[in-house]
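Everything below concerns the one structure shown next.
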Amino acid sequence: MIQRIANIAVLLLAALLCYGMQTTKPHYADLTAPIPVYGKIGETIQARTFDIAVDKVVFARTLKFDRFGQKKLLTTGGIWAIVTARLDARDRSAMVAAATWQGPDGLNYRASERTSLAAGALPVALDPGVAGRTRLVFEILPSQAADALLLVSGKLAGPLDSEARVALGAVALQADGVPEGTIETYELSDAF
């Protein structure tokens, strides 16, 4: 009888130990997640293969750009967030392939593919010594404009690679919830 109780106690202890190891060990996604490099707007952030410095963020209700020689207007259910940034390769040719706008509520917005034919769209190829500029365009909810993070990486899925995380700062909101200074139409021209 005592032997049976001892066996049950050992079995319960082993199950408890296995459960504890399962719940406290890091998840595989955490082990291979991108390595964050933090900075804020106006600073140069040094990722593993590229540097990025965000110059400005503009909010607009409508985008206007040329597509095959014709002016095109794009609207959205929210607002457009246009991020202008300087990119530089560090010591060899590099790519910047992914950008995500992360709002204060944790909502993630990938760079819009609706503007992929406009100048500066991702992916961007970089060469050392040749400064590059890009314009990243996002369709976001107005409530996700303030205290957002811009996540930029060299790969679409960047396990064990660095990811620049740029704090875009506070944004004052109007009474209707739209960021102050939101312009009606932003023109995506070749020069930026």
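Order determines the names: the first chain of the structure tokens is A, the second B, and so forth; residues in each chain are numbered 1 upward, and ligands are numbered 1 upward as they are shown.
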
- So which bits of region 23-178 of chain A end up helix (DSSP H, G or I) when you DSSP the backbone, as number ranges by chain? A: 23-24, 28-31, 142-144

Take the residues from that selection and put them in a file with all heavy atoms, as a compact mmCIF listing (two decimals), in the first residue's frame.
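Final file, result_39.txt:
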```
# COMPACT_ATOMS: atom_id res chain seq x y z
N THR A 23 5.27 25.44 -19.18
CA THR A 23 4.71 26.79 -19.09
C THR A 23 5.76 27.87 -18.87
O THR A 23 5.50 29.03 -19.15
CB THR A 23 3.66 26.86 -17.98
OG1 THR A 23 4.27 26.48 -16.74
CG2 THR A 23 2.48 25.99 -18.28
N THR A 24 6.93 27.51 -18.39
CA THR A 24 7.94 28.54 -18.11
C THR A 24 9.02 28.65 -19.17
O THR A 24 9.75 29.62 -19.20
CB THR A 24 8.62 28.28 -16.76
OG1 THR A 24 9.27 27.01 -16.80
CG2 THR A 24 7.62 28.33 -15.61
N TYR A 28 8.98 28.89 -29.08
CA TYR A 28 9.88 28.89 -30.23
C TYR A 28 9.84 30.23 -30.97
O TYR A 28 10.86 30.74 -31.39
CB TYR A 28 9.51 27.75 -31.19
CG TYR A 28 10.39 27.69 -32.41
CD1 TYR A 28 11.69 27.21 -32.34
CD2 TYR A 28 9.94 28.16 -33.64
CE1 TYR A 28 12.52 27.18 -33.45
CE2 TYR A 28 10.75 28.13 -34.76
CZ TYR A 28 12.04 27.64 -34.66
OH TYR A 28 12.85 27.63 -35.77
N ALA A 29 8.65 30.81 -31.09
CA ALA A 29 8.53 32.11 -31.77
C ALA A 29 9.29 33.20 -31.02
O ALA A 29 9.84 34.11 -31.64
CB ALA A 29 7.06 32.49 -31.90
N ASP A 30 9.35 33.11 -29.69
CA ASP A 30 10.12 34.08 -28.91
C ASP A 30 11.62 33.87 -29.09
O ASP A 30 12.39 34.83 -29.10
CB ASP A 30 9.77 33.98 -27.43
CG ASP A 30 8.32 34.33 -27.16
OD1 ASP A 30 7.77 35.17 -27.92
OD2 ASP A 30 7.74 33.77 -26.22
N LEU A 31 12.04 32.62 -29.22
CA LEU A 31 13.46 32.33 -29.39
C LEU A 31 13.99 32.79 -30.74
O LEU A 31 15.15 33.16 -30.87
CB LEU A 31 13.72 30.83 -29.22
CG LEU A 31 13.53 30.26 -27.82
CD1 LEU A 31 13.66 28.75 -27.85
CD2 LEU A 31 14.50 30.87 -26.85
N PRO A 142 -7.66 56.11 -37.42
CA PRO A 142 -7.18 57.34 -36.79
C PRO A 142 -6.76 57.15 -35.33
O PRO A 142 -5.83 57.79 -34.85
CB PRO A 142 -8.38 58.29 -36.90
CG PRO A 142 -9.15 57.80 -38.07
CD PRO A 142 -8.96 56.30 -38.06
N SER A 143 -7.41 56.24 -34.63
CA SER A 143 -7.08 56.00 -33.22
C SER A 143 -5.70 55.36 -33.04
O SER A 143 -5.17 55.34 -31.93
CB SER A 143 -8.14 55.11 -32.57
OG SER A 143 -8.16 53.84 -33.20
N GLN A 144 -5.11 54.85 -34.11
CA GLN A 144 -3.81 54.17 -34.03
C GLN A 144 -2.65 55.09 -34.43
O GLN A 144 -1.54 54.62 -34.63
CB GLN A 144 -3.82 52.92 -34.91
CG GLN A 144 -4.86 51.91 -34.52
CD GLN A 144 -4.72 51.46 -33.08
OE1 GLN A 144 -3.67 50.96 -32.68
NE2 GLN A 144 -5.75 51.65 -32.28
```

- Find the spatial neighbours of region 130-138 of chain A, counting only C-alpha atoms, within a cut-off of 8 Å - ignore same-chain residues fewer than 4 positions away - and output them as a VMD selection string. chain A and resid 80 to 89 99 101 109 to 112 115 119 to 122 124 126 192

- Would you return as a list in words the members of region 113-169 of chain A that DSSP assigns to strand (DSSP E) on this structure's backbone? Val124, Ala125, Leu126, Gly132, Arg133, Thr134, Arg135, Leu136, Val137, Phe138, Glu139, Ile140, Leu149, Leu150, Leu151, Val152, Ser153, Ser162, Glu163, Ala164, Arg165, Val166 and Ala167 of chain A

Using the selection just defined, write its residues with N, CA and C atoms as an mmCIF file, in the first residue's frame.
```
data_model
loop_
_atom_site.group_PDB
_atom_site.id
_atom_site.type_symbol
_atom_site.label_atom_id
_atom_site.label_comp_id
_atom_site.auth_asym_id
_atom_site.auth_seq_id
_atom_site.Cartn_x
_atom_site.Cartn_y
_atom_site.Cartn_z
ATOM 1 N N VAL A 124 13.195 47.825 -50.899
ATOM 2 C CA VAL A 124 14.177 48.815 -51.324
ATOM 3 C C VAL A 124 15.554 48.174 -51.257
ATOM 4 N N ALA A 125 16.298 48.228 -52.365
ATOM 5 C CA ALA A 125 17.673 47.716 -52.403
ATOM 6 C C ALA A 125 18.613 48.842 -52.004
ATOM 7 N N LEU A 126 19.574 48.524 -51.151
ATOM 8 C CA LEU A 126 20.529 49.511 -50.655
ATOM 9 C C LEU A 126 21.948 49.069 -50.958
ATOM 10 N N GLY A 132 19.803 56.194 -49.576
ATOM 11 C CA GLY A 132 18.501 55.953 -50.188
ATOM 12 C C GLY A 132 17.411 56.596 -49.355
ATOM 13 N N ARG A 133 16.320 56.902 -50.002
ATOM 14 C CA ARG A 133 15.162 57.437 -49.302
ATOM 15 C C ARG A 133 13.957 56.588 -49.676
ATOM 16 N N THR A 134 13.030 56.521 -48.781
ATOM 17 C CA THR A 134 11.804 55.783 -49.056
ATOM 18 C C THR A 134 10.631 56.490 -48.419
ATOM 19 N N ARG A 135 9.492 56.166 -48.932
ATOM 20 C CA ARG A 135 8.245 56.650 -48.379
ATOM 21 C C ARG A 135 7.404 55.412 -48.105
ATOM 22 N N LEU A 136 7.073 55.196 -46.864
ATOM 23 C CA LEU A 136 6.272 54.048 -46.452
ATOM 24 C C LEU A 136 4.852 54.536 -46.212
ATOM 25 N N VAL A 137 3.902 53.875 -46.847
ATOM 26 C CA VAL A 137 2.505 54.323 -46.798
ATOM 27 C C VAL A 137 1.669 53.250 -46.112
ATOM 28 N N PHE A 138 0.881 53.681 -45.117
ATOM 29 C CA PHE A 138 0.046 52.773 -44.342
ATOM 30 C C PHE A 138 -1.393 53.272 -44.327
ATOM 31 N N GLU A 139 -2.335 52.345 -44.351
ATOM 32 C CA GLU A 139 -3.747 52.649 -44.138
ATOM 33 C C GLU A 139 -4.050 52.259 -42.702
ATOM 34 N N ILE A 140 -4.352 53.255 -41.860
ATOM 35 C CA ILE A 140 -4.550 52.987 -40.438
ATOM 36 C C ILE A 140 -5.859 53.586 -39.951
ATOM 37 N N LEU A 149 4.558 52.768 -33.208
ATOM 38 C CA LEU A 149 5.906 52.289 -33.504
ATOM 39 C C LEU A 149 5.971 51.908 -34.977
ATOM 40 N N LEU A 150 7.082 52.240 -35.606
ATOM 41 C CA LEU A 150 7.340 51.794 -36.969
ATOM 42 C C LEU A 150 8.351 50.658 -36.870
ATOM 43 N N LEU A 151 7.981 49.476 -37.371
ATOM 44 C CA LEU A 151 8.850 48.303 -37.333
ATOM 45 C C LEU A 151 9.371 48.065 -38.742
ATOM 46 N N VAL A 152 10.697 48.108 -38.917
ATOM 47 C CA VAL A 152 11.298 47.962 -40.244
ATOM 48 C C VAL A 152 12.353 46.862 -40.177
ATOM 49 N N SER A 153 12.276 45.921 -41.142
ATOM 50 C CA SER A 153 13.257 44.844 -41.174
ATOM 51 C C SER A 153 13.694 44.554 -42.600
ATOM 52 N N SER A 162 17.939 41.653 -36.963
ATOM 53 C CA SER A 162 17.534 42.854 -36.247
ATOM 54 C C SER A 162 16.329 43.505 -36.915
ATOM 55 N N GLU A 163 15.561 44.224 -36.111
ATOM 56 C CA GLU A 163 14.387 44.939 -36.573
ATOM 57 C C GLU A 163 14.419 46.319 -35.941
ATOM 58 N N ALA A 164 14.431 47.361 -36.775
ATOM 59 C CA ALA A 164 14.411 48.735 -36.264
ATOM 60 C C ALA A 164 13.009 49.049 -35.770
ATOM 61 N N ARG A 165 12.920 49.572 -34.565
ATOM 62 C CA ARG A 165 11.637 49.962 -33.978
ATOM 63 C C ARG A 165 11.709 51.438 -33.634
ATOM 64 N N VAL A 166 11.015 52.230 -34.441
ATOM 65 C CA VAL A 166 11.082 53.686 -34.325
ATOM 66 C C VAL A 166 9.832 54.192 -33.615
ATOM 67 N N ALA A 167 10.025 54.845 -32.473
ATOM 68 C CA ALA A 167 8.906 55.466 -31.752
ATOM 69 C C ALA A 167 8.538 56.751 -32.479
#
```

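Here CA of Lys40 (chain A) and CA of Glu113 (chain A) stand 25.1 Å from one another.
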
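The residue that comes closest to Arg48 (chain A), out of A:Gly181, A:Gly20, A:Gly69, A:Gly154 and on the basis of only C-alpha atoms, is A:Gly154.
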
- Item | Option closest in space to Ala145 (chain A), from A:Val57, A:Ile183, A:Val96, A:Leu73 [counting only C-alpha atoms] | A:Val57

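For the pair CA of Asp147 (chain A) and CA of Val171 (chain A), the interatomic distance is 6.9 Å.
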
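Between Gly103 (chain A) and the residues A:Glu187, A:Ala148, A:Val58, A:Glu43, the shortest atom-to-atom distance, using only C-alpha atoms, involves A:Ala148.
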